[in-house]
Amino acid sequence: MKIGIAGLPMSGKTTLFNMATRSNAQVRDYLSQSEEINTGVIKVPDSRLDYLTTIYKPKKTVFATVEFTDIPGVTKDEKGFSAKTLANIRNCDAILLVVRVFTGNEVPHVHDRIDPLSDLDELSLEFIFSDLQTVQNKIERNNKDLKGGKKPELLRELAFMDKLKNQLENNEWLSHLTFTPDEEAMLKGFSFLTLRPMVVAGNCSDDQIKNQDDPQVKSFLAGSSKLGLNALLISGKTEMEISVLSPEEEQAFLKEFGITESGRDRLIKEAYRALNYISFITVGEDEVRAWPIQKDTRAQKAAGKVHSDIERGFIRAEVVAYDDFTSNGGMAGARQAGLVRLEGKDYLMADGDIVQFRFNV
């Protein structure tokens, strides 16, 4: 699960990367942009695992993980993202767009102005133009192939590509379209950026995060809403400083300032959700573990995450919801209350399900 951090130069991409991954990658200035990519794998915060660890006291606790990749922005001599930058973004499963909201002359803006709405429009057009080029190339190839005779499958694909082309030429994202099952099948093999799961983070000051009426905050939220994106406000500089504290110092800091959840945790959780992932949990004295799966995964397929033999020999899944587990004092209490269920192979797994798979091979 790779999440690419993208945005204009000096927007705070590397700052948010350092915050999320607790890294110390060098923050670049606009004149020294490089093609170096920073990568870090991080745990997805999950208070459920923390609680279950206190109950089972396992030998190890394993959290779900995601990988963040800090992708360099445009360079000084470029008018847009390079083909290499766009290719790096396409290689990611989801995109975290970073938009500058904070003001101040100490960090120059690439366009010498602070306008989050315009920055989002610029980033949106970069993705639209990239996808449009892909569609136009496919249309050209199909038209050449049709010269040898009309082929029904090529005609269907050509009509579909025309649909995508019209959407993009209207400066609209492909994610705003509705697709039939046949069209969904035709999308496979393409890496359209305007179909990628996406989260947008507004890199703001400490004061701005408390003031939704700030002009730049309003501009950022309006631009995010226009694109239909989930938006987060993050005070990147402060959160990066918090992220290097010990867990005890971090909790004390957050408590002192009345912050219920760090920006780091909010960002990681939102990125995980953007990927359409949930976690089911296995418990025991050896291990308490979160297993990441796509939402709407069936029980037998989920069993394969643990081991292929369990999927192959699947019989039943013994399931209890996390909330039922905690509200009844643990597994014994949930079982006594009749809340531990036996589910078949087609059961759709829910986030936080505590599961033991029964199988025979």
# chains A, B, ... in the order shown; residues from 1 in each chain; ligands from 1

$ residues_around --residues "Val98 of chain A" --least-positions-apart "2" --cutoff "9 Å" --atoms "only C-alpha atoms" --output "JSON list (two decimals) with C-alpha atoms, in the first residue's frame"
[["chain", "number", "residue", "atom", "x", "y", "z"],
["A", 5, "ILE", "CA", 2.93, 12.68, -1.47],
["A", 6, "ALA", "CA", 2.62, 15.18, -4.31],
["A", 7, "GLY", "CA", 2.26, 18.94, -4.64],
["A", 8, "LEU", "CA", 3.90, 22.13, -5.78],
["A", 11, "SER", "CA", 4.14, 23.41, -0.17],
["A", 12, "GLY", "CA", 5.50, 21.24, 2.64],
["A", 13, "LYS", "CA", 5.56, 17.76, 1.10],
["A", 16, "LEU", "CA", 4.48, 16.13, 6.06],
["A", 96, "LEU", "CA", -1.75, 12.67, -0.76],
["A", 100, "ARG", "CA", 0.21, 25.42, 0.93],
["A", 199, "VAL", "CA", -6.59, 12.91, 0.16],
["A", 200, "VAL", "CA", -5.67, 16.58, 0.24],
["A", 201, "ALA", "CA", -3.81, 18.11, 3.18],
["A", 202, "GLY", "CA", -3.71, 21.85, 3.72],
["A", 203, "ASN", "CA", -0.36, 22.77, 5.27]]

$ residues_around --residues "segment 139-154 of chain A" --least-positions-apart "4" --cutoff "12 Å" --atoms "only C-alpha atoms" --output "list in words"
Leu132, Gln133, Thr134, Val135, Leu158, Ala159, Phe160, Met161, Asp162, Lys163, Leu164, Lys165, Asp182, Glu183 and Met186 of chain A

$ write_last_selection --atoms "C-alpha atoms" --output "short mmCIF file (atom, residue, chain, number, x, y, z; two decimals), in the first residue's frame"
data_model
loop_
_atom_site.label_atom_id
_atom_site.label_comp_id
_atom_site.auth_asym_id
_atom_site.auth_seq_id
_atom_site.Cartn_x
_atom_site.Cartn_y
_atom_site.Cartn_z
CA LEU A 132 -6.10 13.08 -21.47
CA GLN A 133 -2.78 12.28 -23.15
CA THR A 134 -3.20 8.62 -22.20
CA VAL A 135 -6.75 8.56 -23.61
CA LEU A 158 -13.20 3.51 -28.76
CA ALA A 159 -16.66 4.70 -27.70
CA PHE A 160 -15.61 4.38 -24.06
CA MET A 161 -12.41 6.35 -24.67
CA ASP A 162 -14.49 9.09 -26.31
CA LYS A 163 -16.58 9.22 -23.13
CA LEU A 164 -13.43 9.65 -21.03
CA LYS A 165 -12.04 12.22 -23.44
CA ASP A 182 -18.06 -3.60 -18.68
CA GLU A 183 -16.51 -0.15 -18.49
CA MET A 186 -11.96 -1.71 -19.73
#

$ select_by_dssp --residues "segment 156-237 of chain A" --states "alpha helix (DSSP H)" --output "VMD selection string"
chain A and resid 156 to 169 181 to 187 206 to 209 215 to 227 236 to 237

$ residues_around --residues "segment 207-221 of chain A" --least-positions-apart "2" --cutoff "8 Å" --atoms "only C-alpha atoms" --output "ChimeraX atom specification"
/A:99,101-102,114-117,120,202,204-205,223-225,231,233-235

$ residues_around --residues "segment 263-271 of chain A" --least-positions-apart "4" --cutoff "9 Å" --atoms "only C-alpha atoms" --output "mmCIF file with N, CA and C atoms, in the first residue's frame"
data_model
loop_
_atom_site.group_PDB
_atom_site.id
_atom_site.type_symbol
_atom_site.label_atom_id
_atom_site.label_comp_id
_atom_site.auth_asym_id
_atom_site.auth_seq_id
_atom_site.Cartn_x
_atom_site.Cartn_y
_atom_site.Cartn_z
ATOM 1 N N ILE A 3 1.493 5.249 -0.739
ATOM 2 C CA ILE A 3 0.826 6.538 -0.849
ATOM 3 C C ILE A 3 1.859 7.568 -1.272
ATOM 4 N N LEU A 16 5.526 17.092 5.720
ATOM 5 C CA LEU A 16 4.478 16.132 6.062
ATOM 6 C C LEU A 16 5.002 14.698 5.992
ATOM 7 N N MET A 19 6.784 14.199 9.207
ATOM 8 C CA MET A 19 5.800 14.078 10.269
ATOM 9 C C MET A 19 5.189 12.685 10.291
ATOM 10 N N ALA A 20 4.786 12.192 9.130
ATOM 11 C CA ALA A 20 4.097 10.903 9.061
ATOM 12 C C ALA A 20 5.017 9.740 9.389
ATOM 13 N N THR A 21 6.253 9.820 8.917
ATOM 14 C CA THR A 21 7.165 8.681 9.040
ATOM 15 C C THR A 21 8.164 8.820 10.187
ATOM 16 N N ILE A 42 5.257 2.944 7.681
ATOM 17 C CA ILE A 42 4.802 3.327 9.017
ATOM 18 C C ILE A 42 3.616 2.477 9.452
ATOM 19 N N LYS A 43 3.454 2.379 10.766
ATOM 20 C CA LYS A 43 2.320 1.669 11.337
ATOM 21 C C LYS A 43 1.068 2.542 11.268
ATOM 22 N N VAL A 44 -0.075 1.894 11.012
ATOM 23 C CA VAL A 44 -1.350 2.596 11.053
ATOM 24 C C VAL A 44 -1.828 2.609 12.504
ATOM 25 N N PRO A 45 -1.943 3.779 13.129
ATOM 26 C CA PRO A 45 -2.366 3.830 14.529
ATOM 27 C C PRO A 45 -3.709 3.135 14.724
ATOM 28 N N ASP A 46 -3.820 2.330 15.768
ATOM 29 C CA ASP A 46 -5.050 1.576 16.013
ATOM 30 C C ASP A 46 -5.173 1.330 17.518
ATOM 31 N N VAL A 66 1.469 1.214 6.088
ATOM 32 C CA VAL A 66 1.387 1.848 4.773
ATOM 33 C C VAL A 66 2.749 2.450 4.462
ATOM 34 N N ALA A 94 -2.354 5.400 -3.910
ATOM 35 C CA ALA A 94 -3.179 6.551 -3.542
ATOM 36 C C ALA A 94 -2.283 7.782 -3.533
ATOM 37 N N ILE A 95 -2.902 8.954 -3.538
ATOM 38 C CA ILE A 95 -2.159 10.205 -3.604
ATOM 39 C C ILE A 95 -2.549 11.086 -2.421
ATOM 40 N N LEU A 96 -1.539 11.628 -1.765
ATOM 41 C CA LEU A 96 -1.753 12.667 -0.757
ATOM 42 C C LEU A 96 -1.291 13.984 -1.379
ATOM 43 N N PRO A 197 -7.444 6.962 -5.571
ATOM 44 C CA PRO A 197 -7.861 7.410 -4.243
ATOM 45 C C PRO A 197 -6.979 8.584 -3.833
ATOM 46 N N MET A 198 -7.595 9.617 -3.260
ATOM 47 C CA MET A 198 -6.835 10.831 -3.010
ATOM 48 C C MET A 198 -7.304 11.522 -1.738
ATOM 49 N N VAL A 199 -6.346 12.064 -1.000
ATOM 50 C CA VAL A 199 -6.592 12.905 0.164
ATOM 51 C C VAL A 199 -5.818 14.190 -0.047
ATOM 52 N N ALA A 201 -4.178 17.533 1.889
ATOM 53 C CA ALA A 201 -3.808 18.114 3.183
ATOM 54 C C ALA A 201 -3.414 19.565 2.988
ATOM 55 N N ASN A 230 -11.519 14.552 0.233
ATOM 56 C CA ASN A 230 -11.470 14.652 1.684
ATOM 57 C C ASN A 230 -10.311 15.571 2.054
ATOM 58 N N LEU A 232 -7.910 17.705 4.938
ATOM 59 C CA LEU A 232 -7.383 17.777 6.297
ATOM 60 C C LEU A 232 -6.570 19.052 6.428
ATOM 61 N N LEU A 233 -6.702 19.711 7.564
ATOM 62 C CA LEU A 233 -5.833 20.832 7.874
ATOM 63 C C LEU A 233 -4.759 20.342 8.833
ATOM 64 N N ILE A 234 -3.497 20.538 8.457
ATOM 65 C CA ILE A 234 -2.375 20.052 9.254
ATOM 66 C C ILE A 234 -1.386 21.201 9.456
ATOM 67 N N SER A 235 -1.019 21.453 10.691
ATOM 68 C CA SER A 235 0.045 22.413 10.962
ATOM 69 C C SER A 235 1.373 21.665 10.847
ATOM 70 N N GLY A 236 1.873 21.572 9.622
ATOM 71 C CA GLY A 236 2.978 20.672 9.313
ATOM 72 C C GLY A 236 4.224 20.907 10.148
ATOM 73 N N GLU A 239 3.568 19.895 13.791
ATOM 74 C CA GLU A 239 3.347 18.450 13.885
ATOM 75 C C GLU A 239 4.639 17.673 13.635
ATOM 76 N N MET A 240 5.515 18.196 12.763
ATOM 77 C CA MET A 240 6.794 17.526 12.532
ATOM 78 C C MET A 240 7.642 17.570 13.801
ATOM 79 N N SER A 243 6.281 15.025 16.223
ATOM 80 C CA SER A 243 6.485 13.630 15.817
ATOM 81 C C SER A 243 7.826 13.062 16.273
ATOM 82 N N LEU A 275 -7.521 4.469 0.753
ATOM 83 C CA LEU A 275 -7.166 3.259 0.022
ATOM 84 C C LEU A 275 -8.288 2.225 0.063
ATOM 85 N N ASN A 276 -9.374 2.572 0.791
ATOM 86 C CA ASN A 276 -10.531 1.672 0.943
ATOM 87 C C ASN A 276 -10.161 0.419 1.727
#

$ closest_residue --among "A:Asp119, A:Glu36, A:Glu184, A:Asp351" --to "Thr297 of chain A" --atoms "only C-alpha atoms"
A:Asp351

$ residues_around --residues "segment 127-131 of chain A" --least-positions-apart "3" --cutoff "12 Å" --atoms "only C-alpha atoms" --output "mmCIF file with N, CA and C atoms, in the first residue's frame"
data_model
loop_
_atom_site.group_PDB
_atom_site.id
_atom_site.type_symbol
_atom_site.label_atom_id
_atom_site.label_comp_id
_atom_site.auth_asym_id
_atom_site.auth_seq_id
_atom_site.Cartn_x
_atom_site.Cartn_y
_atom_site.Cartn_z
ATOM 1 N N ALA A 6 2.378 14.335 -3.137
ATOM 2 C CA ALA A 6 2.623 15.178 -4.307
ATOM 3 C C ALA A 6 2.125 16.593 -4.045
ATOM 4 N N GLY A 7 2.680 17.546 -4.775
ATOM 5 C CA GLY A 7 2.264 18.937 -4.639
ATOM 6 C C GLY A 7 3.265 19.858 -5.296
ATOM 7 N N GLY A 80 5.519 22.453 -15.547
ATOM 8 C CA GLY A 80 4.577 21.506 -14.967
ATOM 9 C C GLY A 80 5.320 20.282 -14.490
ATOM 10 N N PHE A 81 4.568 19.282 -14.056
ATOM 11 C CA PHE A 81 5.198 18.043 -13.614
ATOM 12 C C PHE A 81 5.878 17.372 -14.801
ATOM 13 N N SER A 82 7.050 16.846 -14.563
ATOM 14 C CA SER A 82 7.764 16.123 -15.611
ATOM 15 C C SER A 82 7.117 14.762 -15.813
ATOM 16 N N ALA A 83 7.449 14.133 -16.944
ATOM 17 C CA ALA A 83 6.928 12.783 -17.214
ATOM 18 C C ALA A 83 7.388 11.825 -16.128
ATOM 19 N N LYS A 84 8.617 12.032 -15.628
ATOM 20 C CA LYS A 84 9.142 11.158 -14.581
ATOM 21 C C LYS A 84 8.364 11.338 -13.276
ATOM 22 N N THR A 85 8.052 12.581 -12.937
ATOM 23 C CA THR A 85 7.266 12.840 -11.719
ATOM 24 C C THR A 85 5.896 12.204 -11.820
ATOM 25 N N LEU A 86 5.236 12.372 -12.961
ATOM 26 C CA LEU A 86 3.909 11.789 -13.158
ATOM 27 C C LEU A 86 3.970 10.266 -13.099
ATOM 28 N N ALA A 87 5.028 9.683 -13.649
ATOM 29 C CA ALA A 87 5.179 8.224 -13.601
ATOM 30 C C ALA A 87 5.351 7.758 -12.156
ATOM 31 N N ILE A 89 4.112 9.198 -9.536
ATOM 32 C CA ILE A 89 2.804 9.323 -8.890
ATOM 33 C C ILE A 89 1.908 8.157 -9.301
ATOM 34 N N ARG A 90 1.964 7.785 -10.576
ATOM 35 C CA ARG A 90 1.131 6.671 -11.064
ATOM 36 C C ARG A 90 1.497 5.353 -10.396
ATOM 37 N N ILE A 95 -2.902 8.954 -3.538
ATOM 38 C CA ILE A 95 -2.159 10.205 -3.604
ATOM 39 C C ILE A 95 -2.549 11.086 -2.421
ATOM 40 N N LEU A 97 -2.234 14.840 -1.705
ATOM 41 C CA LEU A 97 -1.908 16.144 -2.267
ATOM 42 C C LEU A 97 -1.635 17.115 -1.117
ATOM 43 N N LEU A 120 -4.724 24.195 -6.154
ATOM 44 C CA LEU A 120 -5.489 22.964 -6.383
ATOM 45 C C LEU A 120 -5.943 22.861 -7.830
ATOM 46 N N ASP A 121 -6.357 23.984 -8.407
ATOM 47 C CA ASP A 121 -6.748 23.981 -9.822
ATOM 48 C C ASP A 121 -5.562 23.590 -10.701
ATOM 49 N N GLU A 122 -4.381 24.105 -10.374
ATOM 50 C CA GLU A 122 -3.183 23.779 -11.151
ATOM 51 C C GLU A 122 -2.849 22.296 -11.062
ATOM 52 N N LEU A 123 -2.898 21.752 -9.844
ATOM 53 C CA LEU A 123 -2.620 20.323 -9.661
ATOM 54 C C LEU A 123 -3.664 19.475 -10.381
ATOM 55 N N SER A 124 -4.926 19.896 -10.292
ATOM 56 C CA SER A 124 -6.002 19.167 -10.962
ATOM 57 C C SER A 124 -5.770 19.120 -12.472
ATOM 58 N N THR A 134 -3.073 10.081 -22.168
ATOM 59 C CA THR A 134 -3.203 8.618 -22.201
ATOM 60 C C THR A 134 -4.399 8.204 -23.047
ATOM 61 N N VAL A 135 -5.530 8.885 -22.859
ATOM 62 C CA VAL A 135 -6.751 8.565 -23.610
ATOM 63 C C VAL A 135 -6.551 8.838 -25.105
ATOM 64 N N GLN A 136 -5.967 9.970 -25.429
ATOM 65 C CA GLN A 136 -5.759 10.310 -26.845
ATOM 66 C C GLN A 136 -4.820 9.314 -27.524
ATOM 67 N N ASN A 137 -3.797 8.880 -26.807
ATOM 68 C CA ASN A 137 -2.892 7.874 -27.373
ATOM 69 C C ASN A 137 -3.631 6.572 -27.645
ATOM 70 N N LYS A 138 -4.515 6.184 -26.738
ATOM 71 C CA LYS A 138 -5.288 4.953 -26.920
ATOM 72 C C LYS A 138 -6.259 5.087 -28.098
ATOM 73 N N MET A 161 -13.482 5.354 -24.728
ATOM 74 C CA MET A 161 -12.413 6.346 -24.665
ATOM 75 C C MET A 161 -12.932 7.736 -25.030
ATOM 76 N N LEU A 164 -14.455 9.154 -21.952
ATOM 77 C CA LEU A 164 -13.435 9.652 -21.033
ATOM 78 C C LEU A 164 -12.842 10.965 -21.543
ATOM 79 N N LYS A 165 -12.622 11.021 -22.837
ATOM 80 C CA LYS A 165 -12.038 12.222 -23.444
ATOM 81 C C LYS A 165 -12.939 13.437 -23.230
ATOM 82 N N ASN A 166 -14.239 13.256 -23.442
ATOM 83 C CA ASN A 166 -15.176 14.373 -23.256
ATOM 84 C C ASN A 166 -15.164 14.865 -21.814
ATOM 85 N N GLN A 167 -15.101 13.927 -20.875
ATOM 86 C CA GLN A 167 -15.070 14.296 -19.460
ATOM 87 C C GLN A 167 -13.819 15.116 -19.143
ATOM 88 N N LEU A 168 -12.671 14.654 -19.610
ATOM 89 C CA LEU A 168 -11.418 15.333 -19.313
ATOM 90 C C LEU A 168 -11.318 16.679 -20.023
ATOM 91 N N GLU A 169 -11.824 16.747 -21.238
ATOM 92 C CA GLU A 169 -11.779 18.024 -21.965
ATOM 93 C C GLU A 169 -12.669 19.075 -21.329
ATOM 94 N N ASN A 170 -13.623 18.639 -20.524
ATOM 95 C CA ASN A 170 -14.454 19.568 -19.754
ATOM 96 C C ASN A 170 -13.840 19.887 -18.394
ATOM 97 N N ASN A 171 -12.554 19.518 -18.240
ATOM 98 C CA ASN A 171 -11.814 19.743 -16.989
ATOM 99 C C ASN A 171 -12.471 19.075 -15.790
ATOM 100 N N GLU A 172 -13.051 17.911 -16.027
ATOM 101 C CA GLU A 172 -13.683 17.129 -14.970
ATOM 102 C C GLU A 172 -12.891 15.844 -14.752
ATOM 103 N N TRP A 173 -12.806 15.407 -13.508
ATOM 104 C CA TRP A 173 -12.093 14.182 -13.180
ATOM 105 C C TRP A 173 -12.895 12.956 -13.575
ATOM 106 N N LEU A 174 -12.173 11.890 -13.915
ATOM 107 C CA LEU A 174 -12.833 10.629 -14.264
ATOM 108 C C LEU A 174 -13.545 10.023 -13.055
ATOM 109 N N SER A 175 -13.102 10.345 -11.871
ATOM 110 C CA SER A 175 -13.740 9.813 -10.665
ATOM 111 C C SER A 175 -15.149 10.348 -10.480
ATOM 112 N N PHE A 190 -5.094 0.642 -17.107
ATOM 113 C CA PHE A 190 -4.776 2.064 -17.168
ATOM 114 C C PHE A 190 -4.474 2.574 -15.761
ATOM 115 N N SER A 191 -3.658 3.602 -15.687
ATOM 116 C CA SER A 191 -3.312 4.194 -14.385
ATOM 117 C C SER A 191 -3.724 5.657 -14.378
ATOM 118 N N PHE A 192 -5.011 5.892 -14.505
ATOM 119 C CA PHE A 192 -5.505 7.262 -14.568
ATOM 120 C C PHE A 192 -5.369 7.941 -13.204
ATOM 121 N N LEU A 193 -4.762 9.113 -13.213
ATOM 122 C CA LEU A 193 -4.524 9.826 -11.962
ATOM 123 C C LEU A 193 -5.819 10.379 -11.379
ATOM 124 N N THR A 194 -6.763 10.763 -12.234
ATOM 125 C CA THR A 194 -8.011 11.338 -11.723
ATOM 126 C C THR A 194 -8.991 10.263 -11.256
ATOM 127 N N LEU A 195 -8.532 9.011 -11.242
ATOM 128 C CA LEU A 195 -9.310 7.923 -10.641
ATOM 129 C C LEU A 195 -8.655 7.404 -9.363
ATOM 130 N N ARG A 196 -7.465 7.931 -9.039
ATOM 131 C CA ARG A 196 -6.737 7.439 -7.884
ATOM 132 C C ARG A 196 -7.445 7.849 -6.583
ATOM 133 N N MET A 198 -7.595 9.617 -3.260
ATOM 134 C CA MET A 198 -6.835 10.831 -3.010
ATOM 135 C C MET A 198 -7.304 11.522 -1.738
ATOM 136 N N LEU A 227 -13.373 19.614 -5.938
ATOM 137 C CA LEU A 227 -12.834 18.387 -6.527
ATOM 138 C C LEU A 227 -13.400 17.128 -5.875
#

$ residues_around --residues "Val283 of chain A" --least-positions-apart "4" --cutoff "10 Å" --atoms "only C-alpha atoms" --output "short mmCIF file (atom, residue, chain, number, x, y, z; two decimals) with C-alpha atoms, in the first residue's frame"
data_model
loop_
_atom_site.label_atom_id
_atom_site.label_comp_id
_atom_site.auth_asym_id
_atom_site.auth_seq_id
_atom_site.Cartn_x
_atom_site.Cartn_y
_atom_site.Cartn_z
CA LEU A 49 -4.68 -3.17 19.11
CA LEU A 52 -6.17 -5.92 23.04
CA THR A 53 -2.46 -6.04 23.80
CA ILE A 55 -5.72 -8.00 27.57
CA TYR A 56 -3.72 -10.79 25.88
CA LYS A 57 -0.17 -9.60 26.68
CA PRO A 58 1.14 -11.26 23.50
CA THR A 61 1.76 -6.88 18.40
CA GLU A 287 0.35 -12.39 18.67
CA VAL A 288 -2.25 -9.64 18.40
CA ARG A 289 -2.37 -8.51 14.79
CA ALA A 290 -4.28 -6.21 12.43
CA ILE A 354 -11.93 -10.16 15.86
CA VAL A 355 -11.67 -13.44 14.00
CA GLN A 356 -10.58 -17.02 14.44
#

$ select_by_dssp --residues "segment 23-157 of chain A" --states "strand (DSSP E or B)" --output "PDB file with C-alpha atoms, in the first residue's frame"
ATOM      1  CA  ASN A  38      12.108   9.661   0.185  1.00  0.00           C
ATOM      2  CA  THR A  39      10.289   6.508   1.300  1.00  0.00           C
ATOM      3  CA  GLY A  40       9.146   5.309   4.716  1.00  0.00           C
ATOM      4  CA  VAL A  41       6.942   2.475   6.001  1.00  0.00           C
ATOM      5  CA  ILE A  42       4.802   3.327   9.017  1.00  0.00           C
ATOM      6  CA  LYS A  43       2.320   1.669  11.337  1.00  0.00           C
ATOM      7  CA  LYS A  60       4.307  -9.336  19.762  1.00  0.00           C
ATOM      8  CA  THR A  61       1.757  -6.878  18.401  1.00  0.00           C
ATOM      9  CA  VAL A  62       1.642  -6.278  14.647  1.00  0.00           C
ATOM     10  CA  THR A  65       1.368  -0.593   7.665  1.00  0.00           C
ATOM     11  CA  VAL A  66       1.387   1.848   4.773  1.00  0.00           C
ATOM     12  CA  GLU A  67       4.275   3.206   2.757  1.00  0.00           C
ATOM     13  CA  PHE A  68       4.646   6.940   2.165  1.00  0.00           C
ATOM     14  CA  THR A  69       6.693   8.230  -0.772  1.00  0.00           C
ATOM     15  CA  ASP A  70       7.756  11.873  -0.966  1.00  0.00           C
ATOM     16  CA  ALA A  94      -3.179   6.551  -3.542  1.00  0.00           C
ATOM     17  CA  ILE A  95      -2.159  10.205  -3.604  1.00  0.00           C
ATOM     18  CA  LEU A  96      -1.753  12.667  -0.757  1.00  0.00           C
ATOM     19  CA  LEU A  97      -1.908  16.144  -2.267  1.00  0.00           C
ATOM     20  CA  VAL A  98      -0.184  18.795  -0.156  1.00  0.00           C
ATOM     21  CA  VAL A  99      -1.375  22.373  -0.656  1.00  0.00           C
ATOM     22  CA  ARG A 100       0.208  25.417   0.925  1.00  0.00           C
TER      23      ARG A 100
END

$ residues_around --residues "Asp324 of chain A" --least-positions-apart "3" --cutoff "12 Å" --atoms "only C-alpha atoms" --output "PDB file with C-alpha atoms, in the first residue's frame"
ATOM      1  CA  VAL A 319     -16.331 -13.559  14.551  1.00  0.00           C
ATOM      2  CA  VAL A 320     -17.005 -11.011  17.274  1.00  0.00           C
ATOM      3  CA  ALA A 321     -17.189  -7.263  16.677  1.00  0.00           C
ATOM      4  CA  SER A 327     -18.616  -3.932  26.095  1.00  0.00           C
ATOM      5  CA  ASN A 328     -18.913  -7.493  27.415  1.00  0.00           C
ATOM      6  CA  GLY A 329     -15.560  -7.698  29.152  1.00  0.00           C
ATOM      7  CA  GLY A 330     -13.781  -9.867  26.604  1.00  0.00           C
ATOM      8  CA  MET A 331     -14.297 -13.017  24.586  1.00  0.00           C
ATOM      9  CA  ALA A 332     -15.943 -15.057  27.359  1.00  0.00           C
ATOM     10  CA  GLY A 333     -18.489 -12.345  28.081  1.00  0.00           C
ATOM     11  CA  ALA A 334     -19.252 -11.824  24.373  1.00  0.00           C
ATOM     12  CA  ARG A 335     -19.704 -15.558  23.941  1.00  0.00           C
ATOM     13  CA  GLN A 336     -22.041 -15.726  26.942  1.00  0.00           C
ATOM     14  CA  ALA A 337     -24.076 -12.855  25.474  1.00  0.00           C
ATOM     15  CA  GLY A 338     -24.421 -14.754  22.199  1.00  0.00           C
ATOM     16  CA  LEU A 339     -22.398 -12.191  20.267  1.00  0.00           C
ATOM     17  CA  VAL A 340     -19.735 -14.555  18.911  1.00  0.00           C
ATOM     18  CA  ARG A 341     -20.944 -15.649  15.477  1.00  0.00           C
ATOM     19  CA  GLY A 352     -12.548  -4.332  13.706  1.00  0.00           C
ATOM     20  CA  ASP A 353     -13.846  -7.895  13.461  1.00  0.00           C
ATOM     21  CA  ILE A 354     -11.934 -10.156  15.865  1.00  0.00           C
TER      22      ILE A 354
END

$ atom_distance --atom1 "atom CA of Glu106 of chain A" --atom2 "atom CA of Ser23 of chain A"
23.1 Å

$ atom_distance --atom1 "atom CA of Phe357 of chain A" --atom2 "atom CA of Asp50 of chain A"
22.2 Å

$ decode --residues "segment 244-259 of chain A" --atoms "C-alpha atoms" --output "mmCIF file, in the first residue's frame"
data_model
loop_
_atom_site.group_PDB
_atom_site.id
_atom_site.type_symbol
_atom_site.label_atom_id
_atom_site.label_comp_id
_atom_site.auth_asym_id
_atom_site.auth_seq_id
_atom_site.Cartn_x
_atom_site.Cartn_y
_atom_site.Cartn_z
ATOM 1 C CA VAL A 244 10.096 13.422 17.018
ATOM 2 C CA LEU A 245 9.044 13.388 20.681
ATOM 3 C CA SER A 246 8.874 10.150 22.633
ATOM 4 C CA PRO A 247 5.354 8.658 22.867
ATOM 5 C CA GLU A 248 5.115 9.835 26.486
ATOM 6 C CA GLU A 249 6.245 13.381 25.634
ATOM 7 C CA GLU A 250 3.905 13.501 22.646
ATOM 8 C CA GLN A 251 0.884 12.506 24.756
ATOM 9 C CA ALA A 252 1.790 15.078 27.405
ATOM 10 C CA PHE A 253 2.100 17.787 24.757
ATOM 11 C CA LEU A 254 -1.243 16.941 23.153
ATOM 12 C CA LYS A 255 -2.954 16.848 26.544
ATOM 13 C CA GLU A 256 -1.503 20.206 27.540
ATOM 14 C CA PHE A 257 -2.907 21.881 24.427
ATOM 15 C CA GLY A 258 -6.210 20.004 24.485
ATOM 16 C CA ILE A 259 -5.531 18.102 21.236
#
